[in-house]
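Just model.cif here, mmCIF, C-alpha atoms and all ligand atoms:
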data_input
#
loop_
_atom_site.label_atom_id
_atom_site.label_comp_id
_atom_site.auth_asym_id
_atom_site.auth_seq_id
_atom_site.Cartn_x
_atom_site.Cartn_y
_atom_site.Cartn_z
CA MET A 1 73.13 43.97 71.37
CA ALA A 2 75.68 46.70 70.86
CA PHE A 3 72.98 49.20 71.57
CA TRP A 4 72.21 47.52 74.85
CA ASN A 5 75.80 47.22 75.97
CA LYS A 6 76.56 50.80 75.21
CA ASN A 7 73.72 52.22 77.19
CA VAL A 8 72.92 49.77 79.91
CA PRO A 9 75.88 47.88 81.24
CA ASN A 10 75.07 44.43 82.50
CA SER A 11 75.57 45.21 86.11
CA SER A 12 73.13 44.94 88.89
CA SER A 13 73.36 48.67 89.29
CA SER A 14 69.84 49.82 89.58
CA SER A 15 70.00 53.51 89.08
CA LYS A 16 70.58 53.17 85.36
CA CYS A 17 67.86 54.63 83.23
CA PHE A 18 66.98 53.66 79.75
CA PRO A 19 67.56 56.12 77.00
CA ILE A 20 64.31 57.50 75.81
CA LEU A 21 63.79 55.86 72.49
CA GLY A 22 60.59 57.45 71.46
CA LEU A 23 58.92 60.29 73.18
CA LEU A 24 55.46 58.93 72.87
CA SER A 25 54.19 60.72 75.88
CA LEU A 26 50.66 60.07 74.83
CA ILE A 27 47.94 58.26 76.61
CA LEU A 28 49.56 55.15 77.99
CA LEU A 29 46.66 52.87 77.59
CA HIS A 30 45.47 53.43 74.10
CA PRO A 31 48.20 52.27 71.85
CA THR A 32 45.78 52.24 68.95
CA THR A 33 45.48 55.98 69.23
CA THR A 34 49.18 56.73 69.54
CA THR A 35 51.12 57.77 66.52
CA THR A 36 54.13 55.64 65.79
CA THR A 37 57.25 57.38 64.61
CA THR A 38 58.72 56.05 61.41
CA SER A 39 61.53 54.24 63.18
CA PHE A 40 58.94 52.12 64.93
CA ALA A 41 56.86 51.47 61.90
CA ASN A 42 57.87 47.87 61.33
CA ALA A 43 54.55 46.50 62.37
CA ILE A 44 54.13 42.78 62.30
CA ARG A 45 50.75 41.66 61.24
CA VAL A 46 50.27 38.01 61.93
CA VAL A 47 51.43 36.52 65.17
CA ALA A 48 49.92 33.09 65.27
CA ILE A 49 49.52 31.51 68.65
CA GLN A 50 49.74 27.81 68.07
CA LYS A 51 49.78 25.03 70.50
CA PRO A 52 53.24 23.61 70.00
CA THR A 53 53.87 19.94 69.81
CA TYR A 54 56.68 18.55 71.90
CA ASP A 55 58.86 18.52 68.79
CA ASP A 56 58.75 22.31 68.88
CA ILE A 57 59.99 22.65 72.43
CA PRO A 58 63.06 24.76 72.00
CA SER A 59 66.46 24.33 73.48
CA PHE A 60 68.12 26.90 75.72
CA ARG A 61 71.62 27.76 76.78
CA GLU A 62 72.50 27.16 80.40
CA ALA A 63 72.41 30.37 82.42
CA PRO A 64 75.38 31.10 84.68
CA ALA A 65 75.09 30.62 88.43
CA PHE A 66 74.19 33.87 90.13
CA ARG A 67 75.64 34.29 93.61
CA ASN A 68 74.60 36.46 96.49
CA GLY A 69 76.38 39.66 97.33
CA ASN A 70 77.97 40.11 100.75
CA LEU A 71 75.01 41.77 102.38
CA CYS A 72 72.58 38.97 101.68
CA SER A 73 72.93 36.97 104.89
CA SER A 74 71.78 39.94 106.94
CA ARG A 75 68.61 39.47 108.91
CA ASN A 76 66.79 42.06 106.85
CA VAL A 77 67.00 40.04 103.69
CA ASP A 78 63.71 38.44 102.75
CA LYS A 79 63.17 35.46 100.54
CA ILE A 80 61.54 37.00 97.46
CA GLN A 81 58.71 34.94 96.03
CA ILE A 82 58.02 35.37 92.35
CA VAL A 83 55.12 33.77 90.50
CA MET A 84 55.08 33.35 86.74
CA PRO A 85 53.01 31.36 84.30
CA VAL A 86 54.92 28.90 82.15
CA ASP A 87 53.73 27.16 79.03
CA ALA A 88 55.21 25.99 75.78
CA ASN A 89 54.10 29.11 73.86
CA TYR A 90 55.72 31.58 76.21
CA ILE A 91 58.62 29.56 77.60
CA ARG A 92 61.15 31.69 75.77
CA GLY A 93 59.75 34.77 77.46
CA THR A 94 59.71 33.13 80.88
CA MET A 95 63.35 32.07 80.54
CA ALA A 96 64.43 35.58 79.56
CA ALA A 97 62.41 37.06 82.43
CA VAL A 98 64.01 34.75 85.01
CA LEU A 99 67.49 35.52 83.70
CA SER A 100 66.84 39.26 83.83
CA ILE A 101 65.63 39.05 87.42
CA LEU A 102 68.62 37.02 88.62
CA GLN A 103 71.09 39.15 86.76
CA HIS A 104 69.93 42.37 88.39
CA SER A 105 69.36 41.02 91.90
CA THR A 106 71.73 41.79 94.71
CA CYS A 107 70.63 38.53 96.39
CA PRO A 108 69.71 36.18 93.55
CA GLU A 109 70.00 33.10 95.79
CA ASN A 110 67.29 34.52 98.02
CA THR A 111 64.81 34.53 95.17
CA SER A 112 62.28 31.72 94.78
CA PHE A 113 60.19 31.10 91.71
CA HIS A 114 56.74 29.59 91.57
CA PHE A 115 55.72 28.53 88.09
CA LEU A 116 52.12 27.89 87.11
CA SER A 117 51.46 25.36 84.41
CA ILE A 118 48.41 23.75 82.90
CA HIS A 119 50.06 20.73 81.35
CA LEU A 120 53.06 20.23 83.64
CA GLU A 121 54.98 18.98 80.61
CA PRO A 122 58.06 17.05 81.81
CA GLU A 123 59.86 18.56 78.80
CA ILE A 124 59.28 22.03 80.17
CA ILE A 125 60.39 21.06 83.65
CA SER A 126 63.60 19.53 82.40
CA LEU A 127 64.18 22.65 80.30
CA ILE A 128 63.95 24.78 83.43
CA ASN A 129 66.28 22.37 85.21
CA SER A 130 68.88 22.42 82.49
CA THR A 131 68.69 26.16 81.78
CA PHE A 132 68.80 27.21 85.44
CA PRO A 133 70.45 24.35 87.33
CA TYR A 134 70.75 26.47 90.48
CA LEU A 135 67.29 27.95 90.50
CA SER A 136 65.13 27.61 93.57
CA TYR A 137 61.70 26.91 92.15
CA LYS A 138 58.48 24.93 92.37
CA ILE A 139 56.00 24.23 89.65
CA TYR A 140 52.27 24.06 90.32
CA HIS A 141 49.41 22.67 88.34
CA PHE A 142 46.68 25.10 87.39
CA HIS A 143 43.64 23.09 86.42
CA PRO A 144 41.72 24.74 83.58
CA ASN A 145 38.50 23.30 85.05
CA ARG A 146 38.80 26.06 87.57
CA VAL A 147 37.74 28.59 84.97
CA ARG A 148 35.86 26.36 82.58
CA GLY A 149 32.64 28.03 81.47
CA LYS A 150 33.69 31.28 83.14
CA ILE A 151 35.83 32.77 80.36
CA SER A 152 34.20 34.82 77.65
CA LYS A 153 35.75 35.58 74.31
CA SER A 154 37.82 38.76 74.29
CA ILE A 155 39.19 40.74 71.37
CA ARG A 156 42.37 38.66 71.27
CA GLN A 157 42.38 34.89 71.47
CA ALA A 158 45.62 34.77 73.45
CA LEU A 159 43.91 36.65 76.26
CA ASP A 160 41.34 33.89 76.66
CA GLN A 161 43.79 31.19 77.71
CA PRO A 162 42.87 29.71 81.09
CA LEU A 163 46.43 30.21 82.36
CA ASN A 164 45.87 33.99 82.16
CA TYR A 165 43.32 33.60 84.90
CA ALA A 166 45.58 31.65 87.25
CA ARG A 167 46.71 34.87 88.95
CA ILE A 168 43.28 35.16 90.51
CA TYR A 169 43.70 31.86 92.34
CA LEU A 170 47.21 32.20 93.73
CA SER A 171 46.06 32.17 97.31
CA ASP A 172 44.64 28.67 96.72
CA ILE A 173 47.44 27.34 94.54
CA LEU A 174 50.49 28.36 96.56
CA PRO A 175 51.24 26.92 100.00
CA GLU A 176 49.91 28.91 102.94
CA GLY A 177 53.44 29.63 104.06
CA VAL A 178 53.81 31.99 101.11
CA HIS A 179 52.36 35.26 102.34
CA ARG A 180 53.39 37.72 99.69
CA VAL A 181 54.26 37.27 96.03
CA ILE A 182 55.24 39.30 93.03
CA TYR A 183 53.17 38.12 90.09
CA LEU A 184 54.81 38.66 86.71
CA ASP A 185 53.68 37.90 83.17
CA SER A 186 56.17 36.04 81.01
CA ASP A 187 56.60 38.82 78.45
CA ILE A 188 58.65 41.04 80.74
CA ILE A 189 62.25 41.72 81.60
CA VAL A 190 63.42 43.29 84.85
CA VAL A 191 66.40 45.64 84.70
CA ASP A 192 66.60 46.61 88.35
CA ASP A 193 66.83 44.84 91.70
CA ILE A 194 63.45 43.17 92.18
CA ALA A 195 63.99 43.50 95.95
CA LYS A 196 62.98 47.15 95.61
CA LEU A 197 59.56 46.20 94.32
CA TRP A 198 59.26 43.43 96.87
CA GLY A 199 59.84 45.87 99.70
CA VAL A 200 56.79 48.01 98.94
CA ASP A 201 54.71 48.84 101.99
CA LEU A 202 51.22 47.60 101.15
CA GLY A 203 49.66 49.34 104.13
CA ASP A 204 46.10 48.05 104.32
CA LYS A 205 46.01 47.16 100.63
CA VAL A 206 45.95 43.71 99.08
CA LEU A 207 47.69 44.67 95.84
CA ALA A 208 50.40 47.03 94.69
CA ALA A 209 51.03 48.04 91.09
CA PRO A 210 51.71 51.16 89.07
CA GLU A 211 48.51 53.11 88.68
CA TYR A 212 47.40 55.37 85.82
CA CYS A 213 44.80 57.85 86.93
CA HIS A 214 44.79 59.92 83.75
CA ALA A 215 43.72 57.01 81.59
CA ASN A 216 40.12 57.34 80.48
CA PHE A 217 38.51 54.57 82.43
CA THR A 218 35.31 54.74 80.40
CA ASN A 219 36.91 52.83 77.56
CA TYR A 220 37.61 49.68 79.53
CA PHE A 221 33.95 48.88 79.90
CA THR A 222 31.12 48.73 77.42
CA ASP A 223 28.04 50.92 77.19
CA THR A 224 26.09 48.03 78.67
CA PHE A 225 28.11 48.48 81.83
CA TRP A 226 27.92 52.26 82.07
CA SER A 227 24.24 52.47 81.20
CA ASP A 228 23.21 50.08 83.96
CA MET A 229 22.99 52.10 87.16
CA ASN A 230 23.53 49.06 89.32
CA LEU A 231 26.72 48.09 87.55
CA ALA A 232 28.09 51.58 87.04
CA LYS A 233 27.82 52.39 90.72
CA THR A 234 30.49 49.80 91.41
CA PHE A 235 33.04 52.58 91.31
CA GLU A 236 31.11 54.89 93.61
CA GLY A 237 33.19 56.18 96.47
CA ARG A 238 36.54 55.37 94.89
CA ARG A 239 38.56 56.99 92.18
CA PRO A 240 39.11 54.12 89.80
CA CYS A 241 42.49 54.20 88.10
CA TYR A 242 43.76 51.78 85.52
CA PHE A 243 46.50 49.35 86.47
CA ASN A 244 48.06 46.53 84.48
CA THR A 245 47.67 43.08 86.01
CA GLY A 246 50.90 41.73 84.49
CA VAL A 247 52.97 43.07 87.39
CA MET A 248 51.45 42.94 90.85
CA VAL A 249 52.66 42.62 94.42
CA MET A 250 49.99 40.59 96.18
CA ASP A 251 49.28 39.83 99.80
CA LEU A 252 47.99 36.27 99.55
CA ASP A 253 46.77 36.09 103.15
CA GLU A 254 44.57 39.12 102.64
CA TRP A 255 43.49 37.88 99.24
CA ARG A 256 42.35 34.62 100.80
CA LYS A 257 40.66 36.31 103.75
CA GLY A 258 38.84 38.77 101.53
CA GLY A 259 37.56 36.03 99.20
CA TYR A 260 38.82 38.02 96.23
CA ALA A 261 38.93 35.07 93.85
CA GLN A 262 35.17 34.75 94.25
CA LYS A 263 34.68 38.47 93.81
CA VAL A 264 36.57 38.46 90.53
CA GLU A 265 34.65 35.35 89.42
CA GLU A 266 31.35 37.07 90.07
CA TRP A 267 32.28 39.72 87.52
CA MET A 268 33.35 37.04 85.06
CA LEU A 269 29.91 35.53 85.32
CA ILE A 270 28.22 38.87 84.74
CA GLN A 271 30.49 39.33 81.73
CA LYS A 272 29.31 35.98 80.34
CA GLN A 273 25.76 37.18 80.36
CA ARG A 274 26.03 40.86 79.55
CA ARG A 275 29.40 41.62 77.92
CA ILE A 276 30.50 44.50 80.08
CA TYR A 277 34.11 44.64 78.78
CA GLN A 278 36.24 43.58 75.80
CA LEU A 279 39.51 42.35 77.32
CA GLY A 280 40.34 39.13 79.18
CA SER A 281 41.32 38.76 82.82
CA LEU A 282 42.18 42.42 83.37
CA PRO A 283 38.75 44.13 83.60
CA PRO A 284 37.24 41.88 86.28
CA ILE A 285 40.30 42.53 88.44
CA LEU A 286 39.91 46.27 87.80
CA LEU A 287 36.27 46.04 88.81
CA VAL A 288 37.26 44.64 92.17
CA PHE A 289 40.42 46.61 92.87
CA ALA A 290 40.70 49.79 90.80
CA GLY A 291 41.08 52.77 93.09
CA ASN A 292 41.92 50.55 96.01
CA ILE A 293 45.49 49.47 95.47
CA LYS A 294 48.86 50.70 96.64
CA ALA A 295 50.41 52.68 93.82
CA VAL A 296 54.05 52.01 93.03
CA ASP A 297 56.34 53.95 90.71
CA HIS A 298 55.57 53.70 87.00
CA ARG A 299 59.10 52.49 86.40
CA TRP A 300 57.92 49.04 87.50
CA ASN A 301 55.73 48.42 84.51
CA GLN A 302 56.58 50.01 81.22
CA HIS A 303 53.78 48.13 79.49
CA GLY A 304 52.29 48.03 76.02
CA LEU A 305 55.60 47.34 74.29
CA GLY A 306 53.96 44.57 72.27
CA GLY A 307 51.76 47.19 70.65
CA ASP A 308 48.01 47.18 70.60
CA ASN A 309 45.86 44.09 70.83
CA LEU A 310 44.89 44.02 67.19
CA GLU A 311 47.97 44.75 65.12
CA GLY A 312 50.91 44.72 67.49
CA LYS A 313 52.36 47.95 66.03
CA CYS A 314 55.76 49.05 67.26
CA ARG A 315 55.82 51.30 70.27
CA GLY A 316 58.45 53.49 71.82
CA LEU A 317 59.27 53.86 75.47
CA HIS A 318 57.56 56.42 77.62
CA PRO A 319 59.86 58.93 79.21
CA GLY A 320 61.20 58.34 82.69
CA PRO A 321 63.31 55.74 84.47
CA ILE A 322 62.54 52.08 83.82
CA SER A 323 62.91 49.05 86.07
CA LEU A 324 60.71 46.63 84.17
CA LEU A 325 59.79 46.36 80.48
CA HIS A 326 56.59 44.61 79.51
CA TRP A 327 55.68 43.48 76.00
CA SER A 328 51.96 43.41 76.66
CA GLY A 329 49.84 43.70 73.56
CA ARG A 330 49.88 41.54 70.52
CA GLY A 331 53.55 41.58 69.48
CA LYS A 332 56.15 39.52 71.35
CA PRO A 333 59.83 40.32 70.94
CA TRP A 334 60.94 36.74 70.26
CA LEU A 335 58.40 36.35 67.47
CA ARG A 336 59.24 39.68 65.88
CA LEU A 337 62.98 38.98 66.12
CA ASP A 338 62.52 35.55 64.56
CA ALA A 339 60.40 37.03 61.79
CA ARG A 340 63.23 39.52 61.18
CA LYS A 341 60.80 42.36 61.72
CA PRO A 342 61.83 43.49 65.18
CA CYS A 343 60.76 46.76 66.70
CA THR A 344 63.57 48.89 68.07
CA ILE A 345 62.61 48.10 71.66
CA ASP A 346 62.90 44.37 70.96
CA TYR A 347 66.67 44.83 70.98
CA LEU A 348 66.37 45.52 74.71
CA TRP A 349 64.86 42.07 75.19
CA ALA A 350 67.33 40.20 72.95
CA PRO A 351 70.30 40.12 75.39
CA TYR A 352 68.21 38.02 77.80
CA ASP A 353 67.19 35.49 75.19
CA LEU A 354 68.65 32.09 76.11
CA TYR A 355 67.12 30.39 73.12
CA ARG A 356 69.43 28.28 71.04
CA SER A 357 68.04 27.52 67.64
CA SER A 358 68.13 23.91 66.54
CA ARG A 359 70.57 24.85 63.79
CA ILE A 360 73.08 26.18 66.30
CA ALA A 361 72.51 23.19 68.53
CA LEU A 362 73.43 20.92 65.65
CA GLU A 363 76.59 22.84 64.93
CA GLU A 364 77.88 22.45 68.44
C1 LIG A 401 69.80 34.32 101.76
O1 LIG A 401 70.89 33.58 101.29
C2 LIG A 401 71.94 33.43 102.25
C3 LIG A 401 73.06 32.67 101.57
O2 LIG A 401 73.87 33.58 100.89
C4 LIG A 401 71.43 32.64 103.45
O3 LIG A 401 72.45 32.59 104.41
C5 LIG A 401 70.22 33.35 104.02
O4 LIG A 401 69.65 32.56 105.04
C6 LIG A 401 69.18 33.58 102.94
N1 LIG A 401 68.09 34.35 103.51
C7 LIG A 401 66.84 34.00 103.34
C8 LIG A 401 65.82 34.85 104.01
O5 LIG A 401 66.49 33.04 102.67
C1 LIG A 402 64.05 18.84 87.83
O1 LIG A 402 64.83 19.07 88.99
C2 LIG A 402 64.18 18.68 90.19
C3 LIG A 402 65.01 19.16 91.36
O2 LIG A 402 66.36 18.91 91.15
C4 LIG A 402 63.98 17.18 90.18
O3 LIG A 402 63.32 16.76 91.36
C5 LIG A 402 63.13 16.82 88.97
O4 LIG A 402 63.01 15.41 88.86
C6 LIG A 402 63.74 17.36 87.69
N1 LIG A 402 62.75 17.12 86.64
C7 LIG A 402 63.07 16.82 85.39
C8 LIG A 402 61.94 16.51 84.47
O5 LIG A 402 64.22 16.84 84.99
C1 LIG A 403 36.35 59.33 78.12
O1 LIG A 403 35.90 58.62 76.96
C2 LIG A 403 34.53 58.75 76.73
C3 LIG A 403 34.13 57.78 75.60
O2 LIG A 403 35.16 57.59 74.69
C4 LIG A 403 34.18 60.20 76.42
O3 LIG A 403 32.80 60.34 76.19
C5 LIG A 403 34.61 61.05 77.62
O4 LIG A 403 34.40 62.41 77.34
C6 LIG A 403 36.06 60.83 77.96
N1 LIG A 403 36.38 61.51 79.20
C7 LIG A 403 37.45 62.27 79.35
C8 LIG A 403 37.62 62.88 80.69
O5 LIG A 403 38.25 62.47 78.46
#
Spell out the structure here as structure tokens.
Amino acid sequence: MAFWNKNVPNSSSSSKCFPILGLLSLILLHPTTTTTTTSFANAIRVVAIQKPTYDDIPSFREAPAFRNGNLCSSRNVDKIQIVMPVDANYIRGTMAAVLSILQHSTCPENTSFHFLSIHLEPEIISLINSTFPYLSYKIYHFHPNRVRGKISKSIRQALDQPLNYARIYLSDILPEGVHRVIYLDSDIIVVDDIAKLWGVDLGDKVLAAPEYCHANFTNYFTDTFWSDMNLAKTFEGRRPCYFNTGVMVMDLDEWRKGGYAQKVEEWMLIQKQRRIYQLGSLPPILLVFAGNIKAVDHRWNQHGLGGDNLEGKCRGLHPGPISLLHWSGRGKPWLRLDARKPCTIDYLWAPYDLYRSSRIALEE
């Protein structure tokens, strides 16, 4: 906490950069091959993903009301539409993410949230209501039938949850009046004005995200994929670059028009039969879009902070300015903090944690 306050004042000032904690300027996308410095060596081994019972639904502190700055009634201000998944396992992450977005927005009252949920638990909805009484939001049902029989086992069970696939179907789930969204995973915090990401000019593209063209693309697909001429030629005529699907600006009208949900599904069906990749919802989206997106600055997705998919080893930050931190990978900051084995970067997440343990709740 002290660390945070010293270096990154809680203002909505957006030009602040994070201190570079660890100069792991190695290949972004292969955390298993990066060397961890000793200060990040507190790896946490077992992070069980359990389906919580309603007894486990945590309690949260009420967030303050965030009010618009003076410039927000100008004609140029857009209503920013943010989509996030919400479920009992990740609710603590979602709450922290929402708080971080509001806290750094110049026009927080012009931000709308769209939550996707499989169970639509009334407990979760009332938690959102009580934690953010002033939040403009809607919650939508994502029916797991949509992807039933289409998901194949990946290397990490958490990646196989149907809700991970909901991002593919946003153009069907959200009302047609919503033309553009920012999709965000729930293991992120935003430390800059989200309006800057919202304002990206998509040009003729359907998606915008940070792009990593130096990543070795070969490793995202299996030999089965590369050795089949018909499959491998998918990337002909484009330079495929990796991007992370946890942070995307999406044009839903174009997504709908282009039938992209079906295109991604087609790859999921091929995967079922031939195992052409090892990860979950990311590779089929790469197959459709890699090399054909609008690239935005890397500061908008400092990903991999959860470590690799197998062990969740601690990671440092990559050099450069940061607007969004993303704990993708196996480790989640709230679990590591609770286990008293936090990684150094988890202290950057902690100030946004609204969780109130039951013990503290009893004391009040
Ligand atoms: C943004 O919020 C202000 C209230 O501060 C409101 O007057 C304005 O209409 C809102 N703009 C949009 C696009 O929602
Ligand atoms: C949450 O708040 C909304 C809007 O105020 C209200 O319609 C809904 O009934 C509330 N739900 C719960 C479960 O508290
Ligand atoms: C990418 O990885 C593959 C397999 O690991 C390797 O054969 C290839 O040489 C690598 N390409 C580059 C450009 O490093």
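For ligand LIG 403 (chain A), the neighbouring polymer residues at 10 Å or closer are His214, Ala215, Asn216, Phe217, Thr218, Asn219, Tyr220, Phe221, Thr222 and Asp223 of chain A, only C-alpha atoms and all ligand atoms being used.
Between atom CA of A:Arg167 and atom CA of A:Cys241 the interatomic distance comes to 19.8 Å.
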| request: Kindly provide, as JSON, numbers by chain, the polymer residues lying within 8 Å of (62.0, 52.5, 88.2), counting only C-alpha atoms and using the coordinates exactly as they appear in the file. | output: {"A": [17, 192, 297, 298, 299, 300, 321, 322, 323, 324]}
With C-alpha atoms retained, export the selected residues as a short mmCIF file (atom, residue, chain, number, x, y, z; two decimals), in the coordinates of the input.
data_model
loop_
_atom_site.label_atom_id
_atom_site.label_comp_id
_atom_site.auth_asym_id
_atom_site.auth_seq_id
_atom_site.Cartn_x
_atom_site.Cartn_y
_atom_site.Cartn_z
CA CYS A 17 67.86 54.63 83.23
CA ASP A 192 66.60 46.61 88.35
CA ASP A 297 56.34 53.95 90.71
CA HIS A 298 55.57 53.70 87.00
CA ARG A 299 59.10 52.49 86.40
CA TRP A 300 57.92 49.04 87.50
CA PRO A 321 63.31 55.74 84.47
CA ILE A 322 62.54 52.08 83.82
CA SER A 323 62.91 49.05 86.07
CA LEU A 324 60.71 46.63 84.17
#
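Nearest residue to ligand LIG 402 (chain A), choosing from A:Cys72, A:Leu337, A:Ile128, A:Val178 and counting all atoms listed in the file: A:Ile128.
Around ligand LIG 401 (chain A), the neighbouring residues within 7 Å, taking only C-alpha atoms and all ligand atoms, come to Asn68, Cys72, Ser73, Val77, Asp78, Lys79, Cys107, Glu109 and Asn110 of chain A.
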What would the file be for stretch 76-144 of chain A if you keep C-alpha atoms and write it as a short mmCIF file (atom, residue, chain, number, x, y, z; two decimals), in the first residue's frame?
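Result file out.cif:
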data_model
loop_
_atom_site.label_atom_id
_atom_site.label_comp_id
_atom_site.auth_asym_id
_atom_site.auth_seq_id
_atom_site.Cartn_x
_atom_site.Cartn_y
_atom_site.Cartn_z
CA ASN A 76 -17.57 15.18 -27.63
CA VAL A 77 -17.98 12.97 -24.62
CA ASP A 78 -19.08 9.47 -25.49
CA LYS A 79 -20.79 6.98 -23.27
CA ILE A 80 -18.09 4.36 -22.74
CA GLN A 81 -19.37 0.79 -22.83
CA ILE A 82 -17.38 -1.76 -20.91
CA VAL A 83 -18.07 -5.48 -20.92
CA MET A 84 -16.79 -7.80 -18.22
CA PRO A 85 -17.55 -11.34 -17.16
CA VAL A 86 -18.76 -11.76 -13.59
CA ASP A 87 -18.96 -14.94 -11.60
CA ALA A 88 -18.54 -16.00 -8.01
CA ASN A 89 -14.92 -17.14 -8.51
CA TYR A 90 -13.70 -13.88 -9.98
CA ILE A 91 -16.05 -11.37 -8.36
CA ARG A 92 -13.27 -9.92 -6.26
CA GLY A 93 -11.29 -9.21 -9.40
CA THR A 94 -14.27 -7.69 -11.18
CA MET A 95 -14.98 -5.36 -8.26
CA ALA A 96 -11.37 -4.17 -8.15
CA ALA A 97 -11.36 -3.67 -11.93
CA VAL A 98 -14.53 -1.55 -11.85
CA LEU A 99 -13.18 0.57 -9.01
CA SER A 100 -9.89 1.14 -10.85
CA ILE A 101 -11.71 2.22 -14.01
CA LEU A 102 -13.97 4.69 -12.20
CA GLN A 103 -11.18 6.08 -10.12
CA HIS A 104 -9.04 6.98 -13.11
CA SER A 105 -11.82 8.22 -15.40
CA THR A 106 -12.31 11.87 -16.08
CA CYS A 107 -16.01 11.15 -16.77
CA PRO A 108 -16.89 8.17 -14.58
CA GLU A 109 -20.62 8.88 -14.83
CA ASN A 110 -20.41 8.46 -18.59
CA THR A 111 -19.20 4.89 -18.22
CA SER A 112 -21.62 1.98 -18.57
CA PHE A 113 -20.87 -1.57 -17.57
CA HIS A 114 -22.25 -4.72 -19.13
CA PHE A 115 -21.69 -7.80 -17.02
CA LEU A 116 -21.93 -11.31 -18.41
CA SER A 117 -23.02 -14.05 -16.08
CA ILE A 118 -23.87 -17.71 -16.41
CA HIS A 119 -25.85 -18.12 -13.23
CA LEU A 120 -27.23 -14.62 -12.70
CA GLU A 121 -26.97 -15.23 -8.97
CA PRO A 122 -29.15 -12.66 -7.14
CA GLU A 123 -26.41 -12.62 -4.47
CA ILE A 124 -23.92 -11.36 -7.02
CA ILE A 125 -26.30 -8.74 -8.35
CA SER A 126 -27.04 -7.39 -4.91
CA LEU A 127 -23.29 -7.34 -4.21
CA ILE A 128 -22.78 -5.14 -7.26
CA ASN A 129 -25.67 -2.94 -6.14
CA SER A 130 -24.35 -2.50 -2.64
CA THR A 131 -20.69 -2.08 -3.60
CA PHE A 132 -21.36 0.40 -6.41
CA PRO A 133 -24.72 2.02 -5.63
CA TYR A 134 -24.20 4.64 -8.36
CA LEU A 135 -22.98 2.36 -11.10
CA SER A 136 -24.69 2.39 -14.45
CA TYR A 137 -24.79 -1.26 -15.42
CA LYS A 138 -26.74 -4.14 -16.91
CA ILE A 139 -26.22 -7.81 -16.37
CA TYR A 140 -26.77 -10.34 -19.15
CA HIS A 141 -27.23 -14.06 -19.12
CA PHE A 142 -24.70 -16.07 -21.07
CA HIS A 143 -26.14 -19.51 -21.62
CA PRO A 144 -23.46 -22.21 -21.49
#
